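Asks: Handing you a structure now.
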Amino acid sequence: PVDLGLVSSGVELFAAAATKIERDDEVNIGRGVAARLLAQYGAWHEPTLRQYVNLVGQTLVQSVGRGDITYHFTVLNHDMVNAFSTPGGYIFITRGALRQMRDEAELAGVLAHEIAHVNQRHVLTEIENRYFLRKAGEAATQAIGTYGGSGGAVTMAALQAGGPAFSQIADFATEVIFRGYGRTQEIEADKVGAEYAARAGYHPEGLVSFLEASLARSQRNEEALSAGLMRTHPIHAE
């Protein structure tokens with residue numbers, strides 16, 4: 001944990017910004033982002049479909065999940081074709097994406113891609129490398145004033161759910177997810193996700209099959225179905 005009370009120079013500030021987010025803070029951030037996603041789209045509560053998605057997700061997690069977090073799988077009540085993941089293991093797939101899938105391997109491929117984003121810490125890396133560097137001074141000043149003064153032992157308690165620093169970081173993480181990751185991170189999630197699906201016993205080309213079908217739909221001028229996926233992921237041909 002970072003003692004923000006000791007941050008008093010540019011060098012120390014940079015060191016604080018470079019500190020890795022630990023597991024408990026990761027889960028808190030992910031829970032905050034998940035709440036924002038659910039508030040925007042709502043959950044699809046059809047019990048059979050929800051159970052099916054969870055069974056496929058948990059099958060993947062048994063093979064490739066991290067042991068320090070609990071993964072949650074939720075269907076979002078929206079017609080766009082997309083899927084999202086947050087730090088801490090919260091995985092979302094839209095009703096529209098499920099409607100377009102032709103077999104379980106495609107579902108496993110998409111969920112494995114999102115699990116890979118979580119396991120590779122893609123959102124957390126964005127927070128550590130961009131948000132902390134930009135906001136460290138502001139967050140340090142705010143936390144010092146909130147958690148005991150400049151001489152106090154100010155730690156990552158500033159990230160506790162509900163606090164102002166936490167809210168800013170969760171907003172930034174949500175922005176990253178909606179905007180989409182960089183090309184390198186998406187290709188990494190494709191590669192790692194295909195390996196995850198294969199390790200769980202699924203055909204490793206499920207994600208490729210889903211993206212090819214999505215590309216075909218977009219070429220038939222069905223952009224509305226794939227608009228979300230195209231906005232947050234590299235173009236289908238890539």
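Labeling convention for the structure tokens: chains A, B, ... as they appear, residues from 1 per chain, ligands from 1 in order of appearance.
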Pick out the residues sitting within 9 Å of segment 61-74 of chain A, and hand them over as a PyMOL selection string; count only C-alpha atoms, and ignore anything fewer than 3 positions along from it in its own chain.
Replies: chain A and resi 23+27+43-44+50+53-54+56-58+88-94+111-112+115-116+119+196-197+199-200
Asks: Could you check which of A:Phe172, A:Phe132, A:Phe84, A:Tyr181 is closest to Ala34 of chain A, using only C-alpha atoms?
Replies: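 Distance minimum relative to Ala34 of chain A lands on A:Phe84.
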Asks: Considering only C-alpha atoms, state which residue in the set A:Gly206, A:Pro87, A:Gly201, A:Gly193 is at the smallest distance from Ala105 of chain A.
Replies: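 Looking at the shortest contact to Ala105 of chain A, the residue is A:Gly206.
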Asks: So how far away is atom CA of Tyr52 of chain A from atom CA of Leu124 of chain A, in Å?
Replies: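 Separation between atom CA of Leu124 of chain A and atom CA of Tyr52 of chain A: 28.8 Å.
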Asks: Provide the atom CA of Gln185 of chain A to atom CA of Leu38 of chain A distance in Å, to one decimal place.
Replies: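 If I compute the distance from atom CA of Gln185 of chain A to atom CA of Leu38 of chain A, I get 24.2 Å.
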Asks: Please indicate the distance in Å from atom CA of Gln51 of chain A to atom CA of Ala170 of chain A, rounded to one decimal place.
Replies: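 Atom-to-atom, atom CA of Gln51 of chain A and atom CA of Ala170 of chain A are spaced 27.9 Å apart.
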Asks: As an NGL selection string, please: the residues near segment 96-104 of chain A (cut-off 7 Å, only C-alpha atoms, same-chain neighbours under 4 positions excluded).
Replies: :A and (78-82 or 108 or 210)
Asks: Quick one: write out the picked residues with N, CA and C atoms as a short mmCIF file (atom, residue, chain, number, x, y, z; two decimals), in the first residue's frame?
Replies:
```cif
data_model
loop_
_atom_site.label_atom_id
_atom_site.label_comp_id
_atom_site.auth_asym_id
_atom_site.auth_seq_id
_atom_site.Cartn_x
_atom_site.Cartn_y
_atom_site.Cartn_z
N HIS A 78 -29.54 -5.75 -23.27
CA HIS A 78 -29.35 -4.79 -24.38
C HIS A 78 -29.15 -5.56 -25.67
N ASP A 79 -29.65 -4.98 -26.78
CA ASP A 79 -29.58 -5.65 -28.07
C ASP A 79 -28.24 -5.50 -28.78
N MET A 80 -27.39 -4.59 -28.34
CA MET A 80 -26.09 -4.45 -29.00
C MET A 80 -25.28 -5.73 -28.82
N VAL A 81 -24.35 -5.95 -29.73
CA VAL A 81 -23.50 -7.13 -29.67
C VAL A 81 -22.18 -6.74 -29.00
N ASN A 82 -22.01 -7.12 -27.74
CA ASN A 82 -20.79 -6.74 -27.05
C ASN A 82 -20.64 -7.54 -25.77
N ALA A 108 -18.04 -19.53 -25.23
CA ALA A 108 -16.83 -19.76 -24.44
C ALA A 108 -15.69 -18.87 -24.92
N PHE A 210 -17.16 -16.40 -34.09
CA PHE A 210 -18.11 -15.35 -33.71
C PHE A 210 -17.77 -14.03 -34.41
#
```
Asks: Would you please work out which residue, of A:Pro204, A:Pro47, A:His122, A:Val176, is nearest to Ala189 of chain A when using only C-alpha atoms?
Replies: A:His122
Asks: List every residue of segment 17-222 of chain A that DSSP, applied to the backbone, labels as alpha helix (DSSP H), and write the result as a PyMOL selection string.
Replies: chain A and resi 17+23-41+47-64+95-100+104-119+122-126+132-146+164-179+183-199+206-219
Asks: Based on the backbone DSSP call, show me all residues of segment 38-148 of chain A assigned strand (DSSP E or B), as a ChimeraX atom specification.
Replies: /A:43,72-76,83-86,90-94
Asks: Please list as an MDAnalysis selection string every residue within 8 Å of Ile169 of chain A, counting only C-alpha atoms and excluding residues in the same chain fewer than 4 positions away.
Replies: chainID A and resid 29 127 131 165 173
